[in-house]
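Have a look at structure.txt below; it lists compact mmCIF, N, CA and C atoms.
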```
# COMPACT_ATOMS: atom_id res chain seq x y z
N MET A 18 134.09 88.45 141.99
CA MET A 18 133.93 87.44 140.95
C MET A 18 132.59 87.59 140.23
N ASN A 19 131.56 87.94 141.00
CA ASN A 19 130.23 88.09 140.41
C ASN A 19 130.20 89.22 139.39
N ASP A 20 130.86 90.36 139.70
CA ASP A 20 130.92 91.47 138.75
C ASP A 20 131.64 91.07 137.47
N TYR A 21 132.68 90.27 137.63
CA TYR A 21 133.43 89.78 136.46
C TYR A 21 132.52 88.96 135.55
N LEU A 22 131.72 88.07 136.12
CA LEU A 22 130.83 87.23 135.33
C LEU A 22 129.75 88.06 134.63
N ILE A 23 129.27 89.09 135.33
CA ILE A 23 128.27 89.98 134.73
C ILE A 23 128.89 90.75 133.56
N ASP A 24 130.10 91.26 133.76
CA ASP A 24 130.80 91.97 132.68
C ASP A 24 131.09 91.03 131.51
N LEU A 25 131.47 89.81 131.81
CA LEU A 25 131.74 88.83 130.76
C LEU A 25 130.47 88.53 129.96
N ALA A 26 129.34 88.37 130.64
CA ALA A 26 128.07 88.13 129.96
C ALA A 26 127.69 89.34 129.11
N GLY A 27 127.92 90.54 129.63
CA GLY A 27 127.65 91.75 128.85
C GLY A 27 128.51 91.81 127.60
N GLY A 28 129.79 91.49 127.74
CA GLY A 28 130.68 91.45 126.59
C GLY A 28 130.22 90.45 125.55
N LEU A 29 129.74 89.31 126.01
CA LEU A 29 129.22 88.29 125.09
C LEU A 29 127.99 88.82 124.35
N LEU A 30 127.08 89.48 125.06
CA LEU A 30 125.89 90.03 124.42
C LEU A 30 126.25 91.11 123.40
N TYR A 31 127.19 91.99 123.77
CA TYR A 31 127.63 93.02 122.82
C TYR A 31 128.28 92.37 121.59
N GLY A 32 129.06 91.34 121.82
CA GLY A 32 129.72 90.66 120.71
C GLY A 32 128.73 90.01 119.77
N VAL A 33 127.73 89.36 120.33
CA VAL A 33 126.70 88.71 119.50
C VAL A 33 125.92 89.76 118.71
N GLU A 34 125.55 90.85 119.37
CA GLU A 34 124.81 91.91 118.68
C GLU A 34 125.68 92.55 117.59
N GLY A 35 126.93 92.82 117.91
CA GLY A 35 127.84 93.39 116.91
C GLY A 35 128.01 92.48 115.71
N LEU A 36 128.17 91.20 115.97
CA LEU A 36 128.30 90.23 114.88
C LEU A 36 127.04 90.18 114.02
N ALA A 37 125.88 90.21 114.67
CA ALA A 37 124.62 90.21 113.93
C ALA A 37 124.51 91.45 113.03
N LEU A 38 124.93 92.60 113.54
CA LEU A 38 124.89 93.82 112.74
C LEU A 38 125.88 93.76 111.57
N LEU A 39 127.05 93.20 111.79
CA LEU A 39 128.02 93.04 110.70
C LEU A 39 127.48 92.11 109.62
N VAL A 40 126.83 91.04 110.05
CA VAL A 40 126.24 90.10 109.08
C VAL A 40 125.12 90.79 108.30
N LEU A 41 124.29 91.56 109.00
CA LEU A 41 123.22 92.31 108.32
C LEU A 41 123.82 93.29 107.31
N GLY A 42 124.88 93.99 107.70
CA GLY A 42 125.56 94.90 106.79
C GLY A 42 126.09 94.19 105.56
N TYR A 43 126.65 93.01 105.75
CA TYR A 43 127.15 92.19 104.64
C TYR A 43 126.02 91.88 103.65
N PHE A 44 124.86 91.49 104.20
CA PHE A 44 123.74 91.15 103.33
C PHE A 44 123.18 92.36 102.60
N VAL A 45 123.23 93.53 103.22
CA VAL A 45 122.80 94.74 102.51
C VAL A 45 123.73 95.01 101.33
N ILE A 46 125.03 94.85 101.54
CA ILE A 46 125.98 95.01 100.44
C ILE A 46 125.70 93.99 99.35
N ASP A 47 125.37 92.78 99.76
CA ASP A 47 125.04 91.72 98.80
C ASP A 47 123.84 92.12 97.96
N LEU A 48 122.91 92.87 98.53
CA LEU A 48 121.72 93.31 97.79
C LEU A 48 122.05 94.36 96.73
N VAL A 49 123.01 95.25 97.02
CA VAL A 49 123.29 96.35 96.10
C VAL A 49 124.32 95.99 95.03
N ILE A 50 125.05 94.91 95.23
CA ILE A 50 126.02 94.47 94.23
C ILE A 50 125.41 93.28 93.49
N PRO A 51 125.41 93.31 92.16
CA PRO A 51 124.81 92.19 91.43
C PRO A 51 125.58 90.89 91.66
N GLY A 52 124.84 89.82 91.66
CA GLY A 52 125.46 88.51 91.90
C GLY A 52 125.62 88.25 93.38
N ASN A 53 126.24 87.16 93.70
CA ASN A 53 126.46 86.74 95.07
C ASN A 53 127.75 87.38 95.59
N LEU A 54 127.66 88.16 96.66
CA LEU A 54 128.82 88.86 97.18
C LEU A 54 129.94 87.89 97.54
N GLY A 55 129.61 86.79 98.15
CA GLY A 55 130.62 85.80 98.51
C GLY A 55 131.38 85.31 97.29
N LYS A 56 130.66 85.04 96.20
CA LYS A 56 131.29 84.58 94.96
C LYS A 56 132.15 85.69 94.36
N VAL A 57 131.62 86.92 94.38
CA VAL A 57 132.37 88.06 93.83
C VAL A 57 133.67 88.26 94.62
N LEU A 58 133.61 88.07 95.93
CA LEU A 58 134.80 88.26 96.77
C LEU A 58 135.79 87.10 96.64
N VAL A 59 135.29 85.87 96.73
CA VAL A 59 136.17 84.71 96.82
C VAL A 59 136.57 84.16 95.45
N HIS A 60 135.60 83.94 94.60
CA HIS A 60 135.91 83.31 93.30
C HIS A 60 136.38 84.33 92.26
N ASP A 61 135.67 85.47 92.21
CA ASP A 61 136.05 86.49 91.22
C ASP A 61 137.20 87.37 91.74
N ARG A 62 137.44 87.32 93.04
CA ARG A 62 138.54 88.06 93.68
C ARG A 62 138.48 89.56 93.37
N SER A 63 137.29 90.12 93.51
CA SER A 63 137.08 91.54 93.22
C SER A 63 137.61 92.41 94.36
N ARG A 64 138.66 93.16 94.08
CA ARG A 64 139.19 94.09 95.08
C ARG A 64 138.17 95.19 95.37
N ASP A 65 137.47 95.61 94.35
CA ASP A 65 136.48 96.68 94.53
C ASP A 65 135.40 96.26 95.52
N ALA A 66 134.86 95.07 95.33
CA ALA A 66 133.84 94.57 96.25
C ALA A 66 134.43 94.38 97.64
N GLY A 67 135.67 93.94 97.72
CA GLY A 67 136.32 93.77 99.02
C GLY A 67 136.51 95.09 99.74
N LEU A 68 136.91 96.11 99.00
CA LEU A 68 137.11 97.43 99.60
C LEU A 68 135.80 98.01 100.11
N ILE A 69 134.75 97.89 99.33
CA ILE A 69 133.45 98.42 99.75
C ILE A 69 132.91 97.65 100.96
N THR A 70 133.04 96.34 100.93
CA THR A 70 132.59 95.53 102.06
C THR A 70 133.37 95.88 103.32
N ALA A 71 134.69 96.00 103.20
CA ALA A 71 135.52 96.35 104.35
C ALA A 71 135.15 97.72 104.90
N ALA A 72 134.93 98.69 104.02
CA ALA A 72 134.58 100.04 104.45
C ALA A 72 133.25 100.05 105.21
N ALA A 73 132.27 99.33 104.69
CA ALA A 73 130.97 99.27 105.37
C ALA A 73 131.10 98.61 106.73
N LEU A 74 131.85 97.52 106.81
CA LEU A 74 132.00 96.83 108.09
C LEU A 74 132.77 97.69 109.09
N LEU A 75 133.75 98.45 108.63
CA LEU A 75 134.45 99.38 109.52
C LEU A 75 133.51 100.47 110.04
N GLY A 76 132.67 100.99 109.15
CA GLY A 76 131.70 102.00 109.56
C GLY A 76 130.72 101.46 110.59
N ILE A 77 130.23 100.25 110.37
CA ILE A 77 129.31 99.63 111.33
C ILE A 77 130.02 99.38 112.66
N GLY A 78 131.26 98.92 112.59
CA GLY A 78 132.03 98.69 113.81
C GLY A 78 132.23 99.96 114.62
N ALA A 79 132.48 101.08 113.92
CA ALA A 79 132.64 102.36 114.61
C ALA A 79 131.35 102.76 115.33
N ILE A 80 130.24 102.59 114.66
CA ILE A 80 128.94 102.94 115.25
C ILE A 80 128.68 102.11 116.50
N VAL A 81 128.84 100.80 116.38
CA VAL A 81 128.57 99.90 117.50
C VAL A 81 129.52 100.19 118.66
N SER A 82 130.79 100.42 118.36
CA SER A 82 131.79 100.68 119.41
C SER A 82 131.45 101.95 120.19
N VAL A 83 131.10 103.00 119.49
CA VAL A 83 130.77 104.26 120.17
C VAL A 83 129.48 104.12 120.98
N ALA A 84 128.52 103.39 120.45
CA ALA A 84 127.27 103.18 121.20
C ALA A 84 127.54 102.44 122.51
N ILE A 85 128.40 101.44 122.45
CA ILE A 85 128.74 100.69 123.66
C ILE A 85 129.50 101.60 124.63
N TRP A 86 130.47 102.33 124.13
CA TRP A 86 131.28 103.23 124.97
C TRP A 86 130.39 104.27 125.64
N ASN A 87 129.45 104.81 124.89
CA ASN A 87 128.58 105.86 125.39
C ASN A 87 127.61 105.36 126.47
N ALA A 88 127.34 104.07 126.50
CA ALA A 88 126.39 103.52 127.47
C ALA A 88 126.94 103.58 128.89
N GLU A 89 128.24 103.75 129.05
CA GLU A 89 128.88 103.90 130.35
C GLU A 89 128.46 102.84 131.36
N GLY A 90 128.50 101.59 130.93
CA GLY A 90 128.22 100.49 131.84
C GLY A 90 126.78 100.06 131.93
N ASN A 91 125.86 100.78 131.31
CA ASN A 91 124.45 100.41 131.32
C ASN A 91 124.21 99.45 130.15
N LEU A 92 124.12 98.16 130.46
CA LEU A 92 124.03 97.13 129.42
C LEU A 92 122.80 97.30 128.54
N GLY A 93 121.65 97.54 129.13
CA GLY A 93 120.43 97.69 128.34
C GLY A 93 120.51 98.87 127.40
N GLN A 94 121.01 100.00 127.90
CA GLN A 94 121.15 101.20 127.06
C GLN A 94 122.16 100.94 125.95
N GLY A 95 123.26 100.29 126.28
CA GLY A 95 124.29 100.01 125.27
C GLY A 95 123.78 99.11 124.17
N LEU A 96 123.06 98.06 124.55
CA LEU A 96 122.51 97.14 123.54
C LEU A 96 121.48 97.85 122.66
N ALA A 97 120.64 98.67 123.29
CA ALA A 97 119.63 99.41 122.52
C ALA A 97 120.28 100.40 121.57
N GLN A 98 121.26 101.15 122.06
CA GLN A 98 121.93 102.13 121.20
C GLN A 98 122.70 101.45 120.08
N ALA A 99 123.41 100.39 120.39
CA ALA A 99 124.19 99.69 119.36
C ALA A 99 123.26 99.13 118.29
N GLY A 100 122.16 98.53 118.72
CA GLY A 100 121.21 97.97 117.75
C GLY A 100 120.52 99.04 116.92
N GLY A 101 120.02 100.06 117.59
CA GLY A 101 119.30 101.12 116.88
C GLY A 101 120.18 101.90 115.93
N TYR A 102 121.29 102.40 116.45
CA TYR A 102 122.20 103.17 115.60
C TYR A 102 122.84 102.28 114.54
N GLY A 103 123.10 101.03 114.89
CA GLY A 103 123.68 100.11 113.90
C GLY A 103 122.77 99.89 112.71
N VAL A 104 121.48 99.66 112.98
CA VAL A 104 120.52 99.45 111.89
C VAL A 104 120.36 100.73 111.07
N VAL A 105 120.28 101.88 111.74
CA VAL A 105 120.19 103.16 111.01
C VAL A 105 121.41 103.34 110.11
N GLY A 106 122.59 103.03 110.64
CA GLY A 106 123.81 103.14 109.85
C GLY A 106 123.80 102.24 108.63
N ILE A 107 123.35 101.02 108.80
CA ILE A 107 123.29 100.07 107.69
C ILE A 107 122.33 100.56 106.62
N VAL A 108 121.16 101.06 107.04
CA VAL A 108 120.19 101.59 106.08
C VAL A 108 120.79 102.79 105.33
N LEU A 109 121.42 103.71 106.07
CA LEU A 109 122.03 104.88 105.43
C LEU A 109 123.14 104.49 104.46
N MET A 110 123.89 103.47 104.79
CA MET A 110 124.95 103.01 103.89
C MET A 110 124.37 102.44 102.60
N GLY A 111 123.29 101.68 102.72
CA GLY A 111 122.62 101.17 101.52
C GLY A 111 122.07 102.30 100.67
N VAL A 112 121.47 103.29 101.33
CA VAL A 112 120.92 104.45 100.62
C VAL A 112 122.05 105.24 99.95
N SER A 113 123.16 105.41 100.66
CA SER A 113 124.27 106.18 100.07
C SER A 113 124.81 105.50 98.82
N PHE A 114 124.87 104.19 98.83
CA PHE A 114 125.32 103.48 97.63
C PHE A 114 124.38 103.78 96.47
N LYS A 115 123.09 103.74 96.74
CA LYS A 115 122.11 103.99 95.68
C LYS A 115 122.17 105.45 95.20
N VAL A 116 122.40 106.40 96.11
CA VAL A 116 122.51 107.81 95.72
C VAL A 116 123.73 108.00 94.82
N ILE A 117 124.85 107.42 95.22
CA ILE A 117 126.06 107.52 94.39
C ILE A 117 125.82 106.85 93.05
N ASP A 118 125.06 105.77 93.05
CA ASP A 118 124.72 105.07 91.81
C ASP A 118 123.93 105.98 90.87
N VAL A 119 123.04 106.79 91.43
CA VAL A 119 122.22 107.68 90.62
C VAL A 119 123.04 108.85 90.05
N ILE A 120 123.96 109.38 90.83
CA ILE A 120 124.68 110.58 90.38
C ILE A 120 125.92 110.28 89.55
N THR A 121 126.27 109.02 89.41
CA THR A 121 127.42 108.67 88.57
C THR A 121 126.92 107.90 87.34
N PRO A 122 127.66 107.96 86.24
CA PRO A 122 127.25 107.23 85.04
C PRO A 122 127.41 105.72 85.23
N ASP A 123 126.65 104.98 84.45
CA ASP A 123 126.67 103.51 84.48
C ASP A 123 126.10 102.97 85.79
N ARG A 124 126.04 101.68 85.90
CA ARG A 124 125.50 101.03 87.09
C ARG A 124 126.67 100.64 87.99
N LEU A 125 126.74 101.20 89.19
CA LEU A 125 127.86 100.95 90.09
C LEU A 125 128.03 99.49 90.44
N GLY A 126 126.92 98.84 90.68
CA GLY A 126 127.01 97.42 91.05
C GLY A 126 127.73 96.61 90.00
N HIS A 127 127.42 96.85 88.74
CA HIS A 127 128.06 96.11 87.65
C HIS A 127 129.52 96.52 87.49
N ILE A 128 129.81 97.80 87.71
CA ILE A 128 131.19 98.27 87.61
C ILE A 128 132.04 97.61 88.70
N ILE A 129 131.52 97.61 89.91
CA ILE A 129 132.25 97.08 91.05
C ILE A 129 132.44 95.58 90.94
N ALA A 130 131.42 94.88 90.48
CA ALA A 130 131.52 93.44 90.36
C ALA A 130 132.33 93.03 89.12
N GLY A 131 132.66 93.99 88.27
CA GLY A 131 133.40 93.69 87.05
C GLY A 131 134.88 93.52 87.32
N GLU A 132 135.62 93.47 86.24
CA GLU A 132 137.06 93.25 86.34
C GLU A 132 137.80 94.57 86.44
N GLY A 133 138.98 94.52 87.03
CA GLY A 133 139.83 95.70 87.14
C GLY A 133 139.45 96.57 88.32
N ASP A 134 140.37 97.41 88.70
CA ASP A 134 140.12 98.34 89.80
C ASP A 134 139.41 99.58 89.28
N GLN A 135 138.37 99.99 89.98
CA GLN A 135 137.58 101.14 89.58
C GLN A 135 137.78 102.28 90.59
N PRO A 136 138.18 103.45 90.14
CA PRO A 136 138.39 104.58 91.06
C PRO A 136 137.15 104.94 91.87
N VAL A 137 135.96 104.74 91.33
CA VAL A 137 134.74 105.09 92.05
C VAL A 137 134.60 104.28 93.34
N THR A 138 135.25 103.15 93.39
CA THR A 138 135.21 102.32 94.59
C THR A 138 135.76 103.07 95.80
N TYR A 139 136.81 103.85 95.59
CA TYR A 139 137.39 104.61 96.70
C TYR A 139 136.42 105.67 97.22
N MET A 140 135.67 106.27 96.32
CA MET A 140 134.67 107.26 96.72
C MET A 140 133.57 106.59 97.54
N ILE A 141 133.12 105.44 97.10
CA ILE A 141 132.07 104.72 97.85
C ILE A 141 132.60 104.31 99.22
N ALA A 142 133.81 103.78 99.26
CA ALA A 142 134.40 103.35 100.53
C ALA A 142 134.52 104.54 101.49
N ALA A 143 134.97 105.68 100.98
CA ALA A 143 135.08 106.87 101.82
C ALA A 143 133.72 107.31 102.34
N ALA A 144 132.70 107.24 101.50
CA ALA A 144 131.35 107.62 101.91
C ALA A 144 130.84 106.70 103.01
N LEU A 145 131.10 105.40 102.89
CA LEU A 145 130.61 104.44 103.89
C LEU A 145 131.32 104.63 105.23
N ILE A 146 132.63 104.81 105.20
CA ILE A 146 133.36 105.04 106.45
C ILE A 146 132.94 106.37 107.06
N SER A 147 132.77 107.39 106.23
CA SER A 147 132.35 108.71 106.72
C SER A 147 130.98 108.65 107.36
N LEU A 148 130.05 107.94 106.75
CA LEU A 148 128.72 107.79 107.34
C LEU A 148 128.81 107.12 108.71
N GLY A 149 129.63 106.09 108.79
CA GLY A 149 129.81 105.43 110.09
C GLY A 149 130.36 106.38 111.13
N ALA A 150 131.35 107.19 110.74
CA ALA A 150 131.95 108.14 111.68
C ALA A 150 130.95 109.23 112.08
N ILE A 151 130.19 109.72 111.12
CA ILE A 151 129.20 110.77 111.40
C ILE A 151 128.14 110.25 112.37
N LEU A 152 127.63 109.07 112.07
CA LEU A 152 126.59 108.51 112.95
C LEU A 152 127.16 108.18 114.33
N ALA A 153 128.39 107.69 114.37
CA ALA A 153 129.02 107.42 115.67
C ALA A 153 129.15 108.71 116.47
N ALA A 154 129.53 109.79 115.81
CA ALA A 154 129.68 111.08 116.50
C ALA A 154 128.34 111.61 116.99
N ALA A 155 127.24 111.20 116.35
CA ALA A 155 125.92 111.70 116.73
C ALA A 155 125.39 111.02 117.99
N ILE A 156 126.02 109.93 118.39
CA ILE A 156 125.56 109.21 119.59
C ILE A 156 125.98 110.01 120.82
N SER A 157 124.99 110.36 121.64
CA SER A 157 125.34 111.13 122.85
C SER A 157 124.59 110.62 124.05
```

Show me the file's structure as structure tokens.
Amino acid sequence: MNDYLIDLAGGLLYGVEGLALLVLGYFVIDLVIPGNLGKVLVHDRSRDAGLITAAALLGIGAIVSVAIWNAEGNLGQGLAQAGGYGVVGIVLMGVSFKVIDVITPDRLGHIIAGEGDQPVTYMIAAALISLGAILAAAIS
């Protein structure tokens, strides 16, 4: 029973850390897209912003999941890896958005927050998921 409670507490800690990283990732996306991301998603119903947000959160989830899996039961190591790699992933995702913004015409944030579906959104989403997968694979 004691091992079960320890595992349950570890799961709770991982869950809280994972949630904190997802929230941080959300706020980074909010920084790179003009306007309030919540408003763009809920009131403006932007599919483009939704796709990019979902892709980033999936990438962050992949990183955190692999970091936890790789810890092999060592709670301290798992929390440290999930936090460290998670923050690195979030930073890289923000940087990748800005790099794509520089190499494509117009301002991506305004395009994405605008009306209609934009093909460039799929490229950004693929880049964010790919970054998450690459960073997850780098955890050893």

Practice problem: Please return as a ChimeraX atom specification: the residues of chain A that backbone DSSP assigns to helix (DSSP H, G or I). | Solution: /A:19-49,54-59,64-87,92-120,125-130,137-155

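Residues lying at most 12 Å from (126.1, 113.6, 117.0) in file coordinates, with only C-alpha atoms considered, are Ile80, Val83, Ala84, Asn87, Tyr102, Leu148, Gly149, Ala150, Ile151, Leu152, Ala153, Ala154, Ala155, Ile156 and Ser157 of chain A.
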
Next, dump the selected residues to file, keeping only N, CA and C atoms, as an mmCIF file, in the coordinates of the input.
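Generated file (part-v7.cif):
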```
data_model
loop_
_atom_site.group_PDB
_atom_site.id
_atom_site.type_symbol
_atom_site.label_atom_id
_atom_site.label_comp_id
_atom_site.auth_asym_id
_atom_site.auth_seq_id
_atom_site.Cartn_x
_atom_site.Cartn_y
_atom_site.Cartn_z
ATOM 1 N N ILE A 80 130.240 102.590 114.660
ATOM 2 C CA ILE A 80 128.940 102.940 115.250
ATOM 3 C C ILE A 80 128.680 102.110 116.500
ATOM 4 N N VAL A 83 131.100 103.000 119.490
ATOM 5 C CA VAL A 83 130.770 104.260 120.170
ATOM 6 C C VAL A 83 129.480 104.120 120.980
ATOM 7 N N ALA A 84 128.520 103.390 120.450
ATOM 8 C CA ALA A 84 127.270 103.180 121.200
ATOM 9 C C ALA A 84 127.540 102.440 122.510
ATOM 10 N N ASN A 87 129.450 104.810 124.890
ATOM 11 C CA ASN A 87 128.580 105.860 125.390
ATOM 12 C C ASN A 87 127.610 105.360 126.470
ATOM 13 N N TYR A 102 121.290 102.400 116.450
ATOM 14 C CA TYR A 102 122.200 103.170 115.600
ATOM 15 C C TYR A 102 122.840 102.280 114.540
ATOM 16 N N LEU A 148 130.050 107.940 106.750
ATOM 17 C CA LEU A 148 128.720 107.790 107.340
ATOM 18 C C LEU A 148 128.810 107.120 108.710
ATOM 19 N N GLY A 149 129.630 106.090 108.790
ATOM 20 C CA GLY A 149 129.810 105.430 110.090
ATOM 21 C C GLY A 149 130.360 106.380 111.130
ATOM 22 N N ALA A 150 131.350 107.190 110.740
ATOM 23 C CA ALA A 150 131.950 108.140 111.680
ATOM 24 C C ALA A 150 130.950 109.230 112.080
ATOM 25 N N ILE A 151 130.190 109.720 111.120
ATOM 26 C CA ILE A 151 129.200 110.770 111.400
ATOM 27 C C ILE A 151 128.140 110.250 112.370
ATOM 28 N N LEU A 152 127.630 109.070 112.070
ATOM 29 C CA LEU A 152 126.590 108.510 112.950
ATOM 30 C C LEU A 152 127.160 108.180 114.330
ATOM 31 N N ALA A 153 128.390 107.690 114.370
ATOM 32 C CA ALA A 153 129.020 107.420 115.670
ATOM 33 C C ALA A 153 129.150 108.710 116.470
ATOM 34 N N ALA A 154 129.530 109.790 115.810
ATOM 35 C CA ALA A 154 129.680 111.080 116.500
ATOM 36 C C ALA A 154 128.340 111.610 116.990
ATOM 37 N N ALA A 155 127.240 111.200 116.350
ATOM 38 C CA ALA A 155 125.920 111.700 116.730
ATOM 39 C C ALA A 155 125.390 111.020 117.990
ATOM 40 N N ILE A 156 126.020 109.930 118.390
ATOM 41 C CA ILE A 156 125.560 109.210 119.590
ATOM 42 C C ILE A 156 125.980 110.010 120.820
ATOM 43 N N SER A 157 124.990 110.360 121.640
ATOM 44 C CA SER A 157 125.340 111.130 122.850
ATOM 45 C C SER A 157 124.590 110.620 124.050
#
```

Quiz item: Mind listing as a list in words all residues within 6 Å of (130.2, 96.3, 129.8), counting all atoms listed in the file?
Solution: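 So the residues meeting the distance criterion are Asp24, Gly27, Gly28 and Gly90 of chain A.
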
Taking every listed atom of stretch 114-127 of chain A and adding 8 Å to each side, what centre and edge lengths in Å (one decimal) does the axis-aligned box have, as AutoDock Vina command-line options?
```
--center_x 125.8 --center_y 103.3 --center_z 91.6 --size_x 23.4 --size_y 30.5 --size_z 30.4
```

Self-check item: Distance criterion (only N, CA and C atoms): nearest to A:Gly131 out of A:Val59, A:Ala66, A:Val45, A:Leu39
Solution: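 Once distances to A:Gly131 are computed over only N, CA and C atoms, the minimum belongs to A:Ala66.
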
Name the residues in contact with A:Ile141 at a cut-off of 8 Å, using only C-alpha atoms, excluding same-chain residues fewer than 4 positions from it; report them as a JSON list (two decimals) with N, CA and C atoms, keeping the file's coordinate frame.
```json
[["chain", "number", "residue", "atom", "x", "y", "z"],
["A", 69, "ILE", "N", 134.75, 97.89, 99.33],
["A", 69, "ILE", "CA", 133.45, 98.42, 99.75],
["A", 69, "ILE", "C", 132.91, 97.65, 100.96],
["A", 114, "PHE", "N", 124.87, 104.19, 98.83],
["A", 114, "PHE", "CA", 125.32, 103.48, 97.63],
["A", 114, "PHE", "C", 124.38, 103.78, 96.47],
["A", 117, "ILE", "N", 124.85, 107.42, 95.22],
["A", 117, "ILE", "CA", 126.06, 107.52, 94.39],
["A", 117, "ILE", "C", 125.82, 106.85, 93.05],
["A", 137, "VAL", "N", 135.96, 104.74, 91.33],
["A", 137, "VAL", "CA", 134.74, 105.09, 92.05],
["A", 137, "VAL", "C", 134.60, 104.28, 93.34],
["A", 145, "LEU", "N", 131.10, 105.40, 102.89],
["A", 145, "LEU", "CA", 130.61, 104.44, 103.89],
["A", 145, "LEU", "C", 131.32, 104.63, 105.23]]
```

Exercise. Name the closest residue to A:Tyr31 among the candidates A:Val105, A:Ile50, A:Ala99, A:Val57; distances are taken between atoms, counting only C-alpha atoms.
Key: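 Closest residue, counting only C-alpha atoms: A:Ala99.
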
Practice problem: Quick one: pull the distance between atom CA of A:Thr121 and atom CA of A:Val104, Å, one decimal. | Solution: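 Interatomic distance here is 26.0 Å.
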
Quiz item: Hey, can you check how far atom C of A:Gly103 sits from atom N of A:Tyr21?
Solution: 28.5 Å

For stretch 71-75 of chain A, please output as a CSV table (one decimal) with N, CA and C atoms, in the coordinates of the input all residues within 5 Å (counting all atoms listed in the file; exclusion window: fewer than 4 positions along the same chain).
```
chain,number,residue,atom,x,y,z
A,67,GLY,N,135.7,93.9,97.7
A,67,GLY,CA,136.3,93.8,99.0
A,67,GLY,C,136.5,95.1,99.7
A,79,ALA,N,132.5,101.1,113.9
A,79,ALA,CA,132.6,102.4,114.6
A,79,ALA,C,131.4,102.8,115.3
A,145,LEU,N,131.1,105.4,102.9
A,145,LEU,CA,130.6,104.4,103.9
A,145,LEU,C,131.3,104.6,105.2
A,146,ILE,N,132.6,104.8,105.2
A,146,ILE,CA,133.4,105.0,106.4
A,146,ILE,C,132.9,106.4,107.1
```

Quiz item: Please, what distance in Å, to one decimal, runs between atom N of A:Ala97 and atom C of A:Val33?
Solution: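 Going from atom N of A:Ala97 over to atom C of A:Val33 covers 11.3 Å.
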
Neighbour list for A:Thr138 as a PDB file with N, CA and C atoms, in the coordinates of the input, cut-off 8 Å, only N, CA and C atoms, skip fewer than 2 positions in-chain:
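Done, and the output landed in result-v8.pdb:
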```
ATOM      1  N   ARG A  64     138.660  93.160  94.080  1.00  0.00           N
ATOM      2  CA  ARG A  64     139.190  94.090  95.080  1.00  0.00           C
ATOM      3  C   ARG A  64     138.170  95.190  95.370  1.00  0.00           C
ATOM      4  N   ASP A  65     137.470  95.610  94.350  1.00  0.00           N
ATOM      5  CA  ASP A  65     136.480  96.680  94.530  1.00  0.00           C
ATOM      6  C   ASP A  65     135.400  96.260  95.520  1.00  0.00           C
ATOM      7  N   ALA A  66     134.860  95.070  95.330  1.00  0.00           N
ATOM      8  CA  ALA A  66     133.840  94.570  96.250  1.00  0.00           C
ATOM      9  C   ALA A  66     134.430  94.380  97.640  1.00  0.00           C
ATOM     10  N   LEU A  68     136.910  96.110  99.000  1.00  0.00           N
ATOM     11  CA  LEU A  68     137.110  97.430  99.600  1.00  0.00           C
ATOM     12  C   LEU A  68     135.800  98.010 100.110  1.00  0.00           C
ATOM     13  N   ILE A  69     134.750  97.890  99.330  1.00  0.00           N
ATOM     14  CA  ILE A  69     133.450  98.420  99.750  1.00  0.00           C
ATOM     15  C   ILE A  69     132.910  97.650 100.960  1.00  0.00           C
ATOM     16  N   ILE A 128     129.810  97.800  87.710  1.00  0.00           N
ATOM     17  CA  ILE A 128     131.190  98.270  87.610  1.00  0.00           C
ATOM     18  C   ILE A 128     132.040  97.610  88.700  1.00  0.00           C
ATOM     19  N   ILE A 129     131.520  97.610  89.910  1.00  0.00           N
ATOM     20  CA  ILE A 129     132.250  97.080  91.050  1.00  0.00           C
ATOM     21  C   ILE A 129     132.440  95.580  90.940  1.00  0.00           C
ATOM     22  N   ASP A 134     140.370  97.410  88.700  1.00  0.00           N
ATOM     23  CA  ASP A 134     140.120  98.340  89.800  1.00  0.00           C
ATOM     24  C   ASP A 134     139.410  99.580  89.280  1.00  0.00           C
ATOM     25  N   GLN A 135     138.370  99.990  89.980  1.00  0.00           N
ATOM     26  CA  GLN A 135     137.580 101.140  89.580  1.00  0.00           C
ATOM     27  C   GLN A 135     137.780 102.280  90.590  1.00  0.00           C
ATOM     28  N   PRO A 136     138.180 103.450  90.140  1.00  0.00           N
ATOM     29  CA  PRO A 136     138.390 104.580  91.060  1.00  0.00           C
ATOM     30  C   PRO A 136     137.150 104.940  91.870  1.00  0.00           C
ATOM     31  N   MET A 140     135.670 106.270  96.320  1.00  0.00           N
ATOM     32  CA  MET A 140     134.670 107.260  96.720  1.00  0.00           C
ATOM     33  C   MET A 140     133.570 106.590  97.540  1.00  0.00           C
ATOM     34  N   ILE A 141     133.120 105.440  97.100  1.00  0.00           N
ATOM     35  CA  ILE A 141     132.070 104.720  97.850  1.00  0.00           C
ATOM     36  C   ILE A 141     132.600 104.310  99.220  1.00  0.00           C
ATOM     37  N   ALA A 142     133.810 103.780  99.260  1.00  0.00           N
ATOM     38  CA  ALA A 142     134.400 103.350 100.530  1.00  0.00           C
ATOM     39  C   ALA A 142     134.520 104.540 101.490  1.00  0.00           C
ATOM     40  N   ALA A 143     134.970 105.680 100.980  1.00  0.00           N
ATOM     41  CA  ALA A 143     135.080 106.870 101.820  1.00  0.00           C
ATOM     42  C   ALA A 143     133.720 107.310 102.340  1.00  0.00           C
ATOM     43  N   ALA A 144     132.700 107.240 101.500  1.00  0.00           N
ATOM     44  CA  ALA A 144     131.350 107.620 101.910  1.00  0.00           C
ATOM     45  C   ALA A 144     130.840 106.700 103.010  1.00  0.00           C
TER      46      ALA A 144
END
```
